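S.K.: This structure is in structure tokens; I'll ask about it shortly.
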Amino acid sequence: MRRTLTACAVLLSASLFSFGQTVPAPVPSTTPGDRQDIRHDRRELRHDRRDIRSDRRELNKDRRERNADVRERRQDRRELNGDRRDIRSDKADIRQDRRELHQAIKSGDKEAAAKERAQIRDDRNDLKKDHQDIRSDRHDLRHDRREVRSDRREVRQDRRELRGDRKDFRGDRRETRRDVRDARYDKRKAQAAK
């Protein structure tokens with residue numbers, strides 16, 4: 001059997017040699033340059049995927065921060081409205097205490113007049129505190145609005161970056177496919193030429 005195979009191989013190579021052909025050498029699947037290009041493209045694809053994941057994480061983080069800022073702003077508005085209600089209530093209490101003070105003075109009741117003066121003083125202190133709270137809440141609201149604007153800018157920037165990374169990823173994927181296709185074409189061409 002071995003002799004027969006050896007004889008067939010010798011006859012085949014002799015017949016090829018007589019027609020001016022040589023025994024075809026094994027063709028490598030791709031050239032080293034093509035393999036290097038494919039490895040490079042795959043590495044770029046991995047980096048682009050990593051960038052896309054990172055940008056998605058940043059985008060989601062910015063969205064969460066923005067939502068937290070919006071909730072905080074709503075809370076600040078509630079507090080501001082509560083302080084405004086307190087101011088209206090304190091003003092109404094002061095008016096009521098003044099009426100009672102005038103009645104106490106008219107009737108000559110010094111004890112009741114002193115009590116009403118103390119209540120008016122307390123209501124004015126409460127009013128002053130409520131005004132300070134309102135100023136503080138307004139300052140917080142302005143600060144929160146600035147933060148929300150900057151967070152929205154960051155979200156828009158992250159979306160732009162994500163879009164760019166997706167384009168890069170698609171381009172790199174296209175380039176890798178093209179390189180693989182070219183390598184296969186070169187392989188077929190080399191085999192056909194032999």
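A note on labels: chains of the structure tokens are A, B, ... as shown, every chain counts residues from 1, and ligands are counted from 1 in their shown order.
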Please provide as a PyMOL selection string all residues within 12 Å of Arg184 (chain A), with the sequence filter that same-chain residues fewer than 2 positions apart are discarded (counting only C-alpha atoms).
M.R.: chain A and resi 27-31+34-35+38+177-182+186-191
S.K.: So that I have them on file, write out the residues from the current selection with N, CA, C and O atoms, as a CSV table (one decimal), in the first residue's frame.
M.R.:
```csv
chain,number,residue,atom,x,y,z
A,27,VAL,N,-0.8,26.9,1.1
A,27,VAL,CA,-1.0,28.3,1.2
A,27,VAL,C,-1.4,28.7,2.6
A,27,VAL,O,-2.3,28.1,3.2
A,28,PRO,N,-0.7,29.7,3.2
A,28,PRO,CA,-1.1,30.1,4.5
A,28,PRO,C,-2.5,30.7,4.5
A,28,PRO,O,-2.9,31.3,3.5
A,29,SER,N,-3.3,30.6,5.6
A,29,SER,CA,-4.7,31.0,5.6
A,29,SER,C,-4.7,32.5,5.4
A,29,SER,O,-5.6,33.0,4.6
A,30,THR,N,-3.8,33.3,6.0
A,30,THR,CA,-3.8,34.7,5.7
A,30,THR,C,-2.3,35.1,5.9
A,30,THR,O,-1.5,34.4,6.5
A,31,THR,N,-2.0,36.2,5.3
A,31,THR,CA,-0.6,36.7,5.5
A,31,THR,C,-0.5,37.3,6.9
A,31,THR,O,-1.4,37.7,7.5
A,34,ASP,N,-2.1,40.7,7.3
A,34,ASP,CA,-3.6,40.6,7.4
A,34,ASP,C,-4.0,40.2,8.8
A,34,ASP,O,-4.9,40.7,9.4
A,35,ARG,N,-3.3,39.2,9.4
A,35,ARG,CA,-3.6,38.8,10.7
A,35,ARG,C,-3.3,39.9,11.7
A,35,ARG,O,-4.1,40.1,12.6
A,38,ILE,N,-6.2,42.3,11.4
A,38,ILE,CA,-7.4,41.8,12.1
A,38,ILE,C,-7.3,41.9,13.6
A,38,ILE,O,-8.3,42.3,14.3
A,177,ARG,N,-14.6,43.5,9.2
A,177,ARG,CA,-15.2,42.6,8.2
A,177,ARG,C,-14.6,42.7,6.9
A,177,ARG,O,-14.3,41.7,6.2
A,178,ARG,N,-14.2,43.9,6.5
A,178,ARG,CA,-13.6,44.2,5.2
A,178,ARG,C,-12.2,43.5,5.2
A,178,ARG,O,-11.8,42.8,4.2
A,179,ASP,N,-11.4,43.6,6.3
A,179,ASP,CA,-10.1,43.0,6.4
A,179,ASP,C,-10.2,41.4,6.3
A,179,ASP,O,-9.4,40.8,5.6
A,180,VAL,N,-11.2,40.9,7.0
A,180,VAL,CA,-11.4,39.4,6.9
A,180,VAL,C,-11.8,39.0,5.5
A,180,VAL,O,-11.3,38.0,5.0
A,181,ARG,N,-12.7,39.8,4.9
A,181,ARG,CA,-13.1,39.5,3.5
A,181,ARG,C,-11.9,39.6,2.6
A,181,ARG,O,-11.7,38.7,1.7
A,182,ASP,N,-11.1,40.6,2.7
A,182,ASP,CA,-9.9,40.8,1.9
A,182,ASP,C,-8.9,39.6,2.1
A,182,ASP,O,-8.3,39.1,1.1
A,186,ASP,N,-7.8,37.1,-0.7
A,186,ASP,CA,-6.3,36.9,-1.1
A,186,ASP,C,-6.0,35.4,-1.0
A,186,ASP,O,-5.2,34.9,-1.8
A,187,LYS,N,-6.5,34.7,0.0
A,187,LYS,CA,-6.3,33.3,0.2
A,187,LYS,C,-6.8,32.5,-1.0
A,187,LYS,O,-6.1,31.7,-1.6
A,188,ARG,N,-8.1,32.8,-1.4
A,188,ARG,CA,-8.6,32.1,-2.6
A,188,ARG,C,-7.8,32.4,-3.9
A,188,ARG,O,-7.6,31.6,-4.7
A,189,LYS,N,-7.4,33.7,-4.0
A,189,LYS,CA,-6.6,34.1,-5.2
A,189,LYS,C,-5.3,33.4,-5.2
A,189,LYS,O,-4.9,32.9,-6.3
A,190,ALA,N,-4.7,33.2,-4.0
A,190,ALA,CA,-3.4,32.5,-4.0
A,190,ALA,C,-3.5,31.1,-4.3
A,190,ALA,O,-2.7,30.5,-5.0
A,191,GLN,N,-4.6,30.5,-3.8
A,191,GLN,CA,-4.8,29.1,-4.1
A,191,GLN,C,-5.2,28.8,-5.6
A,191,GLN,O,-4.7,27.8,-6.2
```
S.K.: Go ahead and compute the interatomic distance for CA of Asp83 (chain A) and CA of Val148 (chain A), in Å to one decimal.
M.R.: 23.5 Å
S.K.: Could you list, as a PDB file with C-alpha atoms, in the first residue's frame, every residue within 12 Å of Arg163 (chain A), counting only C-alpha atoms and ignoring same-chain residues fewer than 3 positions away?
M.R.:
```pdb
ATOM      1  CA  ASP A  48     -14.888  50.802  21.582  1.00  0.00           C
ATOM      2  CA  ASP A  51     -15.962  53.047  25.849  1.00  0.00           C
ATOM      3  CA  ILE A  52     -19.638  52.499  25.014  1.00  0.00           C
ATOM      4  CA  ARG A  53     -20.241  50.655  28.293  1.00  0.00           C
ATOM      5  CA  ASP A  55     -20.437  56.133  28.469  1.00  0.00           C
ATOM      6  CA  ARG A  56     -23.687  54.294  29.192  1.00  0.00           C
ATOM      7  CA  LEU A  59     -25.178  58.612  31.186  1.00  0.00           C
ATOM      8  CA  ARG A 156     -26.282  65.813  26.446  1.00  0.00           C
ATOM      9  CA  GLN A 157     -22.481  65.522  26.283  1.00  0.00           C
ATOM     10  CA  ASP A 158     -22.623  61.861  27.344  1.00  0.00           C
ATOM     11  CA  ARG A 159     -25.238  61.157  24.673  1.00  0.00           C
ATOM     12  CA  ARG A 160     -23.017  62.797  22.055  1.00  0.00           C
ATOM     13  CA  ARG A 166     -21.287  53.801  18.462  1.00  0.00           C
ATOM     14  CA  LYS A 167     -20.220  55.285  15.114  1.00  0.00           C
ATOM     15  CA  ASP A 168     -16.584  54.360  15.830  1.00  0.00           C
ATOM     16  CA  PHE A 169     -17.670  50.870  16.834  1.00  0.00           C
ATOM     17  CA  ARG A 170     -19.702  50.388  13.668  1.00  0.00           C
TER      18      ARG A 170
END
```
S.K.: Mind checking which residues fall within 8 Å of Asp90 (chain A), counting only C-alpha atoms, ignoring those fewer than 2 positions away in the same chain, and posting them as a PyMOL selection string?
M.R.: chain A and resi 86-88+92-94+123-124+126-127
S.K.: Can those selected residues be exported to a file as a PDB file, in the first residue's frame so that it contains N, CA, C and O atoms?
M.R.:
```pdb
ATOM      1  N   ASP A  86     -46.538  79.808  56.677  1.00  0.00           N
ATOM      2  CA  ASP A  86     -46.216  80.220  58.046  1.00  0.00           C
ATOM      3  C   ASP A  86     -46.195  81.742  58.174  1.00  0.00           C
ATOM      4  O   ASP A  86     -46.670  82.293  59.176  1.00  0.00           O
ATOM      5  N   ILE A  87     -45.668  82.425  57.166  1.00  0.00           N
ATOM      6  CA  ILE A  87     -45.624  83.896  57.203  1.00  0.00           C
ATOM      7  C   ILE A  87     -47.040  84.460  57.217  1.00  0.00           C
ATOM      8  O   ILE A  87     -47.356  85.366  58.008  1.00  0.00           O
ATOM      9  N   ARG A  88     -47.891  83.939  56.333  1.00  0.00           N
ATOM     10  CA  ARG A  88     -49.281  84.417  56.315  1.00  0.00           C
ATOM     11  C   ARG A  88     -49.954  84.165  57.665  1.00  0.00           C
ATOM     12  O   ARG A  88     -50.670  85.032  58.193  1.00  0.00           O
ATOM     13  N   ALA A  92     -51.330  86.986  60.313  1.00  0.00           N
ATOM     14  CA  ALA A  92     -52.707  86.953  60.818  1.00  0.00           C
ATOM     15  C   ALA A  92     -52.714  86.923  62.351  1.00  0.00           C
ATOM     16  O   ALA A  92     -53.543  87.598  62.998  1.00  0.00           O
ATOM     17  N   ASP A  93     -51.786  86.164  62.960  1.00  0.00           N
ATOM     18  CA  ASP A  93     -51.689  86.123  64.427  1.00  0.00           C
ATOM     19  C   ASP A  93     -51.332  87.494  64.990  1.00  0.00           C
ATOM     20  O   ASP A  93     -51.873  87.915  66.029  1.00  0.00           O
ATOM     21  N   ILE A  94     -50.418  88.189  64.329  1.00  0.00           N
ATOM     22  CA  ILE A  94     -50.031  89.528  64.798  1.00  0.00           C
ATOM     23  C   ILE A  94     -51.237  90.467  64.743  1.00  0.00           C
ATOM     24  O   ILE A  94     -51.486  91.236  65.691  1.00  0.00           O
ATOM     25  N   ASP A 123     -44.544  86.373  67.754  1.00  0.00           N
ATOM     26  CA  ASP A 123     -44.987  86.233  66.365  1.00  0.00           C
ATOM     27  C   ASP A 123     -44.047  86.973  65.409  1.00  0.00           C
ATOM     28  O   ASP A 123     -43.769  86.485  64.308  1.00  0.00           O
ATOM     29  N   ARG A 124     -43.542  88.134  65.845  1.00  0.00           N
ATOM     30  CA  ARG A 124     -42.596  88.874  64.994  1.00  0.00           C
ATOM     31  C   ARG A 124     -41.281  88.097  64.854  1.00  0.00           C
ATOM     32  O   ARG A 124     -40.688  88.071  63.769  1.00  0.00           O
ATOM     33  N   ASP A 126     -41.018  84.835  65.014  1.00  0.00           N
ATOM     34  CA  ASP A 126     -41.346  83.741  64.094  1.00  0.00           C
ATOM     35  C   ASP A 126     -41.370  84.229  62.651  1.00  0.00           C
ATOM     36  O   ASP A 126     -40.880  83.547  61.733  1.00  0.00           O
ATOM     37  N   LEU A 127     -41.921  85.411  62.439  1.00  0.00           N
ATOM     38  CA  LEU A 127     -42.001  86.003  61.108  1.00  0.00           C
ATOM     39  C   LEU A 127     -40.593  86.241  60.549  1.00  0.00           C
ATOM     40  O   LEU A 127     -40.311  85.924  59.381  1.00  0.00           O
TER      41      LEU A 127
END
```
S.K.: For the atom pair CA of Arg142 (chain A) and CA of Ser89 (chain A), what is the interatomic distance in Å to one decimal place?
M.R.: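 These atoms are spaced 25.9 Å apart.
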S.K.: Neighbouring residues of Arg152 (chain A) were defined as those with any atom within 10 Å, considering only C-alpha atoms; residues of the same chain fewer than 6 positions away were excluded. Please report them as JSON, numbers by chain.
M.R.: {"A": [62, 63, 65, 66, 146, 158]}
S.K.: How would the residues just chosen look if you wrote them out with C-alpha atoms as a compact mmCIF listing (two decimals), in the first residue's frame?
M.R.:
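File out_9.txt, as written:
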```
# COMPACT_ATOMS: atom_id res chain seq x y z
CA ASP A 62 -26.00 61.57 35.29
CA ARG A 63 -29.68 60.73 34.82
CA GLU A 65 -28.19 62.57 39.69
CA ARG A 66 -30.51 64.77 37.65
CA ARG A 146 -27.74 75.64 38.26
CA ASP A 158 -22.62 61.86 27.34
```
S.K.: When you look at Glu100 (chain A) with a cut-off of 10 Å (counting only C-alpha atoms), what residues show up, excluding the ones that are within fewer than 2 positions of it in the same chain? I need them as a compact mmCIF listing (two decimals) with C-alpha atoms, in the first residue's frame.
M.R.:
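Written file, out23.txt:
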```txt
# COMPACT_ATOMS: atom_id res chain seq x y z
CA ILE A 94 -50.03 89.53 64.80
CA ARG A 95 -53.20 91.27 63.55
CA GLN A 96 -55.32 89.25 65.95
CA ASP A 97 -52.94 89.97 68.88
CA ARG A 98 -53.00 93.70 68.09
CA HIS A 102 -56.24 97.33 71.87
CA GLN A 103 -59.21 95.73 73.60
CA ALA A 104 -57.13 95.00 76.71
CA ILE A 105 -55.83 98.60 76.81
CA LYS A 106 -59.38 99.98 76.37
CA ALA A 112 -53.75 90.90 79.34
CA ALA A 113 -52.01 93.79 77.53
CA LYS A 115 -49.49 89.00 77.55
CA GLU A 116 -50.58 90.27 74.11
CA ARG A 117 -47.35 92.29 73.72
```
S.K.: Can you tell me, as a ChimeraX atom specification, what residues are no more than 12 Å from Glu79 (chain A) when counting only C-alpha atoms, ignoring any on the same chain fewer than 3 positions away?
M.R.: /A:72-76,82-86,130,133-138,140-141
